[in-house]
$ cat entry.cif   # mmCIF, C-alpha atoms
data_target
loop_
_atom_site.group_PDB
_atom_site.id
_atom_site.type_symbol
_atom_site.label_atom_id
_atom_site.label_comp_id
_atom_site.auth_asym_id
_atom_site.auth_seq_id
_atom_site.Cartn_x
_atom_site.Cartn_y
_atom_site.Cartn_z
ATOM 1 C CA PRO L 977 62.187 107.655 60.630
ATOM 2 C CA GLY L 978 60.413 104.410 61.186
ATOM 3 C CA ALA L 979 59.169 101.936 63.659
ATOM 4 C CA GLY L 980 60.477 98.472 64.175
ATOM 5 C CA GLY L 981 60.822 97.866 60.484
ATOM 6 C CA GLY L 982 63.249 98.047 57.628
ATOM 7 C CA GLY L 983 66.685 96.644 58.283
ATOM 8 C CA LYS L 984 69.496 98.685 56.823
ATOM 9 C CA GLY L 985 70.909 98.018 53.403
ATOM 10 C CA GLY L 986 69.963 95.063 51.302
ATOM 11 C CA GLY L 987 67.450 94.879 48.534
ATOM 12 C CA ILE L 988 64.570 92.674 47.601
ATOM 13 C CA ALA L 989 65.545 89.032 47.289
ATOM 14 C CA ILE L 990 64.799 87.539 43.902
ATOM 15 C CA LYS L 991 64.131 83.817 43.918
ATOM 16 C CA GLU L 992 65.522 81.904 40.977
ATOM 17 C CA GLY L 993 63.020 82.062 38.165
ATOM 18 C CA GLY L 994 61.847 85.569 39.013
ATOM 19 C CA ARG L 995 59.882 87.251 41.753
ATOM 20 C CA GLU L 996 56.534 86.342 40.211
ATOM 21 C CA ASP L 997 57.292 82.628 40.703
ATOM 22 C CA MET L 998 57.361 82.925 44.485
ATOM 23 C CA GLU L 999 54.653 81.358 46.609
ATOM 24 C CA LEU L 1000 54.440 82.035 50.335
ATOM 25 C CA PRO L 1001 54.806 78.383 51.456
ATOM 26 C CA GLU L 1002 58.134 78.145 49.589
ATOM 27 C CA PHE L 1003 59.810 80.585 51.966
ATOM 28 C CA ALA L 1004 61.927 78.981 54.669
ATOM 29 C CA TRP L 1005 62.068 80.493 58.158
ATOM 30 C CA ARG L 1006 65.439 80.910 59.809
ATOM 31 C CA ARG L 1007 65.508 78.956 63.069
ATOM 32 C CA GLY L 1008 67.621 79.894 66.064
ATOM 33 C CA GLU L 1009 70.692 77.930 67.034
ATOM 34 C CA GLY L 1010 70.246 74.580 68.731
ATOM 35 C CA ASP L 1011 67.617 71.911 68.208
ATOM 36 C CA ILE L 1012 63.920 72.612 67.694
ATOM 37 C CA ARG L 1013 63.011 71.766 71.279
ATOM 38 C CA SER L 1014 65.393 74.377 72.728
ATOM 39 C CA VAL L 1015 64.144 77.037 70.321
ATOM 40 C CA GLU L 1016 60.517 76.337 71.157
ATOM 41 C CA SER L 1017 61.228 76.432 74.887
ATOM 42 C CA ARG L 1018 62.905 79.836 74.580
ATOM 43 C CA GLY L 1019 60.242 81.211 72.288
ATOM 44 C CA PHE L 1020 60.956 84.071 69.903
ATOM 45 C CA ARG L 1021 63.834 86.304 70.959
ATOM 46 C CA THR L 1022 65.816 89.152 69.417
ATOM 47 C CA ARG L 1023 69.040 90.707 70.669
ATOM 48 C CA ALA L 1024 67.779 94.157 69.692
ATOM 49 C CA ARG L 1025 66.523 96.292 72.549
ATOM 50 C CA VAL L 1026 64.460 99.450 72.964
ATOM 51 C CA PRO L 1027 66.562 102.636 72.616
ATOM 52 C CA LYS L 1028 67.393 104.671 75.698
ATOM 53 C CA PRO L 1029 64.869 107.351 76.746
ATOM 54 C CA ASN L 1030 67.142 110.191 75.649
ATOM 55 C CA GLN L 1031 67.110 109.008 72.035
ATOM 56 C CA ASN L 1032 64.669 111.411 70.414
ATOM 57 C CA TYR L 1033 64.342 109.709 67.047
ATOM 58 C CA ALA L 1034 62.079 106.878 66.033
ATOM 59 C CA ALA L 1035 64.622 104.286 64.946
ATOM 60 C CA THR L 1036 68.200 103.529 65.897
ATOM 61 C CA GLN L 1037 70.772 103.569 63.131
ATOM 62 C CA ASP L 1038 71.949 100.006 63.514
ATOM 63 C CA THR L 1039 68.782 98.051 64.335
ATOM 64 C CA PHE L 1040 65.922 100.278 63.175
ATOM 65 C CA VAL L 1041 64.161 99.627 66.466
ATOM 66 C CA SER L 1042 61.457 102.079 67.477
ATOM 67 C CA VAL L 1043 61.184 104.065 70.665
ATOM 68 C CA GLY L 1044 59.592 102.395 73.672
ATOM 69 C CA LYS L 1045 56.233 104.099 73.127
ATOM 70 C CA VAL L 1046 55.698 101.945 70.056
ATOM 71 C CA TYR L 1047 55.942 98.670 71.944
ATOM 72 C CA GLU L 1048 53.932 99.991 74.874
ATOM 73 C CA THR L 1049 51.163 100.879 72.421
ATOM 74 C CA ILE L 1050 51.267 97.412 70.858
ATOM 75 C CA GLU L 1051 51.002 95.852 74.326
ATOM 76 C CA ALA L 1052 48.135 98.113 75.367
ATOM 77 C CA THR L 1053 46.010 97.825 72.219
ATOM 78 C CA LEU L 1054 46.612 94.257 71.019
ATOM 79 C CA ARG L 1055 46.573 92.355 74.310
ATOM 80 C CA PRO L 1056 44.313 89.314 73.734
ATOM 81 C CA THR L 1057 40.882 89.421 75.297
ATOM 82 C CA LYS L 1058 40.474 87.226 78.356
ATOM 83 C CA GLY L 1059 38.046 84.370 77.849
ATOM 84 C CA ARG L 1060 38.507 84.461 74.071
ATOM 85 C CA ASP L 1061 36.016 82.045 72.506
ATOM 86 C CA SER L 1062 37.847 80.515 69.546
ATOM 87 C CA PRO L 1063 39.467 77.128 68.930
ATOM 88 C CA LEU L 1064 42.070 78.720 66.643
ATOM 89 C CA PRO L 1065 45.516 79.636 68.048
ATOM 90 C CA LEU L 1066 46.288 83.333 68.253
ATOM 91 C CA ARG L 1067 47.889 84.475 65.000
ATOM 92 C CA ALA L 1068 49.571 87.818 64.223
ATOM 93 C CA LEU L 1069 50.994 89.644 61.207
ATOM 94 C CA ASP L 1070 53.960 91.954 61.798
ATOM 95 C CA LEU L 1071 54.465 94.306 58.823
ATOM 96 C CA GLY L 1072 57.851 96.033 58.851
ATOM 97 C CA ALA L 1073 59.293 93.629 61.414
ATOM 98 C CA GLY L 1074 62.864 94.939 61.179
ATOM 99 C CA ALA L 1075 65.066 93.492 63.932
ATOM 100 C CA GLY L 1076 62.144 91.651 65.509
ATOM 101 C CA MET L 1077 61.289 93.859 68.487
ATOM 102 C CA SER L 1078 57.637 94.171 67.482
ATOM 103 C CA THR L 1079 57.603 90.418 66.767
ATOM 104 C CA GLU L 1080 58.933 89.670 70.253
ATOM 105 C CA THR L 1081 56.328 91.998 71.754
ATOM 106 C CA LEU L 1082 53.550 90.092 69.967
ATOM 107 C CA TRP L 1083 55.039 86.764 71.071
ATOM 108 C CA ASN L 1084 55.110 87.881 74.700
ATOM 109 C CA LEU L 1085 51.441 88.870 74.425
ATOM 110 C CA GLY L 1086 50.552 85.293 73.516
ATOM 111 C CA TYR L 1087 50.606 85.378 69.718
ATOM 112 C CA HIS L 1088 52.693 82.273 69.084
ATOM 113 C CA ASN L 1089 51.815 81.949 65.410
ATOM 114 C CA ILE L 1090 53.375 84.992 63.724
ATOM 115 C CA VAL L 1091 54.114 86.046 60.173
ATOM 116 C CA ALA L 1092 56.822 88.735 60.051
ATOM 117 C CA VAL L 1093 57.341 90.713 56.839
ATOM 118 C CA ASP L 1094 60.002 93.221 55.827
ATOM 119 C CA GLN L 1095 61.419 94.521 52.555
ATOM 120 C CA SER L 1096 64.941 94.046 53.968
ATOM 121 C CA ARG L 1097 66.065 91.069 56.029
ATOM 122 C CA GLU L 1098 69.455 92.385 57.167
ATOM 123 C CA ALA L 1099 68.383 93.473 60.669
ATOM 124 C CA TRP L 1100 66.286 90.317 61.109
ATOM 125 C CA ASP L 1101 69.184 88.027 60.225
ATOM 126 C CA LEU L 1102 71.587 90.016 62.394
ATOM 127 C CA TYR L 1103 69.532 90.298 65.587
ATOM 128 C CA VAL L 1104 66.993 87.475 65.791
ATOM 129 C CA GLU L 1105 68.547 84.744 67.951
ATOM 130 C CA SER L 1106 65.637 82.372 68.608
ATOM 131 C CA GLN L 1107 62.930 81.712 66.024
ATOM 132 C CA PRO L 1108 60.447 78.859 66.601
ATOM 133 C CA PRO L 1109 58.942 77.180 63.519
ATOM 134 C CA SER L 1110 55.628 78.917 64.242
ATOM 135 C CA VAL L 1111 57.253 82.290 63.456
ATOM 136 C CA GLU L 1112 57.829 82.823 59.734
ATOM 137 C CA PHE L 1113 59.723 85.635 58.024
ATOM 138 C CA TYR L 1114 59.012 86.805 54.464
ATOM 139 C CA HIS L 1115 61.426 89.055 52.616
ATOM 140 C CA LEU L 1116 58.784 91.153 50.849
ATOM 141 C CA THR L 1117 57.181 94.567 51.003
ATOM 142 C CA ASP L 1118 53.843 94.616 52.782
ATOM 143 C CA ALA L 1119 52.062 95.187 49.471
ATOM 144 C CA GLU L 1120 53.742 92.163 47.886
ATOM 145 C CA PHE L 1121 52.854 89.981 50.848
ATOM 146 C CA VAL L 1122 49.216 91.086 50.928
ATOM 147 C CA ASP L 1123 48.831 90.553 47.174
ATOM 148 C CA LYS L 1124 50.264 87.030 47.379
ATOM 149 C CA PHE L 1125 48.258 86.215 50.510
ATOM 150 C CA LEU L 1126 45.002 87.244 48.857
ATOM 151 C CA ALA L 1127 45.894 85.510 45.588
ATOM 152 C CA GLN L 1128 46.573 82.242 47.378
ATOM 153 C CA SER L 1129 43.472 82.570 49.549
ATOM 154 C CA SER L 1130 41.222 83.104 46.538
ATOM 155 C CA GLY L 1131 42.916 80.512 44.339
ATOM 156 C CA THR L 1132 43.152 77.637 46.806
ATOM 157 C CA PRO L 1133 40.168 75.328 47.427
ATOM 158 C CA THR L 1134 39.163 75.387 51.087
ATOM 159 C CA PRO L 1135 39.384 71.814 52.437
ATOM 160 C CA ALA L 1136 37.616 72.705 55.666
ATOM 161 C CA PRO L 1137 34.771 75.112 56.533
ATOM 162 C CA HIS L 1138 37.060 77.401 58.549
ATOM 163 C CA ALA L 1139 40.191 77.128 56.399
ATOM 164 C CA GLU L 1140 40.048 80.759 55.287
ATOM 165 C CA LEU L 1141 39.699 82.020 58.858
ATOM 166 C CA GLU L 1142 42.636 79.865 59.932
ATOM 167 C CA SER L 1143 44.922 81.745 57.554
ATOM 168 C CA ARG L 1144 43.756 85.179 58.714
ATOM 169 C CA PHE L 1145 45.053 87.086 61.725
ATOM 170 C CA ASP L 1146 43.874 88.096 65.189
ATOM 171 C CA ALA L 1147 46.319 91.012 65.276
ATOM 172 C CA ILE L 1148 48.104 93.043 62.604
ATOM 173 C CA VAL L 1149 50.761 95.688 63.230
ATOM 174 C CA PHE L 1150 52.055 98.241 60.738
ATOM 175 C CA ASN L 1151 55.516 99.461 61.765
ATOM 176 C CA PHE L 1152 55.564 102.369 59.317
ATOM 177 C CA ALA L 1153 53.209 105.152 58.336
ATOM 178 C CA VAL L 1154 50.321 104.304 56.017
ATOM 179 C CA ASN L 1155 47.404 106.097 54.422
ATOM 180 C CA PRO L 1156 43.985 105.617 56.085
ATOM 181 C CA GLN L 1157 42.480 103.661 53.196
ATOM 182 C CA LYS L 1158 45.315 101.140 53.146
ATOM 183 C CA ALA L 1159 45.017 100.439 56.868
ATOM 184 C CA SER L 1160 41.255 99.987 56.598
ATOM 185 C CA ASP L 1161 41.536 97.726 53.530
ATOM 186 C CA VAL L 1162 44.144 95.438 55.109
ATOM 187 C CA ALA L 1163 42.072 95.167 58.299
ATOM 188 C CA SER L 1164 38.898 94.190 56.433
ATOM 189 C CA ARG L 1165 40.673 91.654 54.212
ATOM 190 C CA LEU L 1166 43.144 89.959 56.552
ATOM 191 C CA LEU L 1167 41.682 90.088 60.069
ATOM 192 C CA ARG L 1168 39.585 87.398 61.669
ATOM 193 C CA PRO L 1169 36.281 88.459 63.290
ATOM 194 C CA GLY L 1170 37.166 90.125 66.568
ATOM 195 C CA GLY L 1171 40.695 90.906 65.378
ATOM 196 C CA LYS L 1172 42.442 94.276 65.575
ATOM 197 C CA LEU L 1173 44.892 96.173 63.380
ATOM 198 C CA LEU L 1174 47.192 98.851 64.806
ATOM 199 C CA ALA L 1175 48.717 101.370 62.399
ATOM 200 C CA PRO L 1176 50.332 104.821 62.454
ATOM 201 C CA VAL L 1177 48.016 106.544 59.984
ATOM 202 C CA ASN L 1178 48.673 109.809 58.162
ATOM 203 C CA THR L 1179 46.489 112.564 59.565
ATOM 204 C CA THR L 1180 46.071 113.725 55.970
ATOM 205 C CA PRO L 1181 46.322 111.226 53.080
ATOM 206 C CA ASP L 1182 49.754 111.311 51.378
ATOM 207 C CA TYR L 1183 51.175 113.698 54.006
ATOM 208 C CA TRP L 1184 54.041 111.712 55.564
ATOM 209 C CA PHE L 1185 55.132 114.040 58.365
ATOM 210 C CA GLU L 1186 52.331 113.549 60.916
ATOM 211 C CA GLN L 1187 50.580 110.365 62.014
ATOM 212 C CA VAL L 1188 48.211 109.140 64.696
ATOM 213 C CA TYR L 1189 47.938 105.584 65.985
ATOM 214 C CA ILE L 1190 44.571 104.107 65.012
ATOM 215 C CA VAL L 1191 43.078 100.730 65.907
ATOM 216 C CA TYR L 1192 40.781 99.128 63.301
ATOM 217 C CA ASP L 1193 38.376 96.199 63.612
ATOM 218 C CA TYR L 1194 37.914 93.320 61.174
ATOM 219 C CA GLU L 1195 35.420 95.347 59.125
ATOM 220 C CA GLY L 1196 37.988 98.103 58.601
ATOM 221 C CA LYS L 1197 36.192 100.474 60.969
ATOM 222 C CA ILE L 1198 37.996 102.681 63.483
ATOM 223 C CA LEU L 1199 37.796 101.420 67.060
ATOM 224 C CA LYS L 1200 39.917 104.114 68.694
ATOM 225 C CA ARG L 1201 42.846 106.479 68.366
ATOM 226 C CA ALA L 1202 45.899 105.769 70.491
ATOM 227 C CA GLY L 1203 48.088 108.866 70.345
ATOM 228 C CA ASP L 1204 50.242 110.914 67.974
ATOM 229 C CA ILE L 1205 53.443 109.448 66.530
ATOM 230 C CA LEU L 1206 55.911 109.985 63.685
ATOM 231 C CA PHE L 1207 57.054 107.057 61.539
ATOM 232 C CA GLN L 1208 59.027 106.366 58.390
ATOM 233 C CA PRO L 1209 56.708 106.495 55.345
ATOM 234 C CA ASP L 1210 55.190 103.667 53.362
ATOM 235 C CA VAL L 1211 57.794 103.213 50.628
ATOM 236 C CA THR L 1212 55.334 101.383 48.377
ATOM 237 C CA GLU L 1213 53.245 104.530 47.915
ATOM 238 C CA PRO L 1214 53.969 106.755 44.867
ATOM 239 C CA SER L 1215 53.526 109.810 47.107
ATOM 240 C CA CYS L 1216 56.266 108.639 49.527
ATOM 241 C CA GLN L 1217 58.484 111.523 50.689
ATOM 242 C CA GLY L 1218 61.791 111.603 52.545
ATOM 243 C CA ILE L 1219 65.112 109.772 52.641
ATOM 244 C CA TRP L 1220 63.469 106.370 53.157
ATOM 245 C CA CYS L 1221 61.789 106.640 49.762
ATOM 246 C CA ALA L 1222 65.046 107.369 47.956
ATOM 247 C CA ARG L 1223 66.685 104.504 49.799
ATOM 248 C CA LYS L 1224 64.053 102.096 48.592
ATOM 249 C CA LEU L 1225 64.866 102.986 44.993
ATOM 250 C CA ILE L 1226 68.560 102.298 45.640
ATOM 251 C CA ASP L 1227 67.773 98.968 47.304
ATOM 252 C CA ARG L 1228 65.736 97.902 44.291
ATOM 253 C CA LEU L 1229 68.618 98.453 41.832
#

$ encode --input "entry.cif" --output "structure tokens"
Amino acid sequence: PGAGGGGKGGGIAIKEGGREDMELPEFAWRRGEGDIRSVESRGFRTRARVPKPNQNYAATQDTFVSVGKVYETIEATLRPTKGRDSPLPLRALDLGAGAGMSTETLWNLGYHNIVAVDQSREAWDLYVESQPPSVEFYHLTDAEFVDKFLAQSSGTPTPAPHAELESRFDAIVFNFAVNPQKASDVASRLLRPGGKLLAPVNTTPDYWFEQVYIVYDYEGKILKRAGDILFQPDVTEPSCQGIWCARKLIDRL
């Protein structure tokens, strides 16, 4: 079972002209009801809520929202440093955003420029009720998003000295289990200096039944371990095991 990510049902949206024709700026965010001013004043909000303490599984059936420990860990490990010395606004990447609980947690921490990514948008569309323009949702797998992000970063001339850093992130959250190398690679390629990535990492590569929370720095190095956890597997990996992997194949048909 997974964490915060993967709405139920649905497949991968194909833009007219084929998936390869997509560019990240072409995606439109879904704003909450009301005018822009009211949405911005409310901030990002989802109707999904943390499961009750007696729920002993990692994601609820209807919202795919993770147990409270997940959000407590995000709050504890990705809280912005006081006296941060940077002119850039805090920016976060939420991989496996699901119904938006992890996105709301990041927003409440002060990350008001957020990119949320999920291979299914059903839970996001159903539960997100207030989405400011500074929060964008992309209906992609994490691997597809990262590939397109890097392709655009490398293929676009930088008009300003810090343009590349502006597009990177101060915080990245994986809401599903990943292999150690993937977590390290994403941290080193997408984080700004001083940024942190939080991921539930397989204790043994390609073994999807035991993870530990690990925090990485912008060089892809381990900063600390933050406790044991069990998440749904990374469905983009060939070694993926379990019902989530079979479901991904169905969603792709």

$ atom_distance --input "entry.cif" --atom1 "atom CA of L:Asp1210" --atom2 "atom CA of L:Asp1118"
9.2 Å

$ closest_residue --input "entry.cif" --among "L:Arg1055, L:Arg1201, L:Lys1124, L:Arg1067" --to "L:Asn1089" --atoms "only C-alpha atoms"
L:Arg1067

$ resolve_selection --input "entry.cif" --expression "the PyMOL selection byres ((chain L and resi 1054) around 9)" --output "list in words"
Thr1049, Ile1050, Glu1051, Ala1052, Thr1053, Arg1055, Pro1056, Thr1057, Leu1082, Leu1085, Asp1146, Ala1147, Ile1148, Val1149, Gly1171, Lys1172, Leu1173, Leu1174 and Val1191 of chain L

$ atom_distance --input "entry.cif" --atom1 "atom CA of L:Leu1116" --atom2 "atom CA of L:Asp1094"
5.5 Å

$ residues_near_point --input "entry.cif" --point "(49.8, 104.6, 67.0)" --cutoff "7 Å" --atoms "all atoms listed in the file" --output "list in words"
Thr1049, Leu1174, Ala1175, Pro1176, Val1188, Tyr1189, Ile1190, Ala1202, Gly1203, Asp1204 and Ile1205 of chain L

$ atom_distance --input "entry.cif" --atom1 "atom CA of L:Gly1072" --atom2 "atom CA of L:Glu1112"
13.2 Å

$ closest_residue --input "entry.cif" --among "L:Gly1196, L:Val1154, L:Arg1060, L:Ala1159" --to "L:Thr1180" --atoms "all atoms listed in the file"
L:Val1154
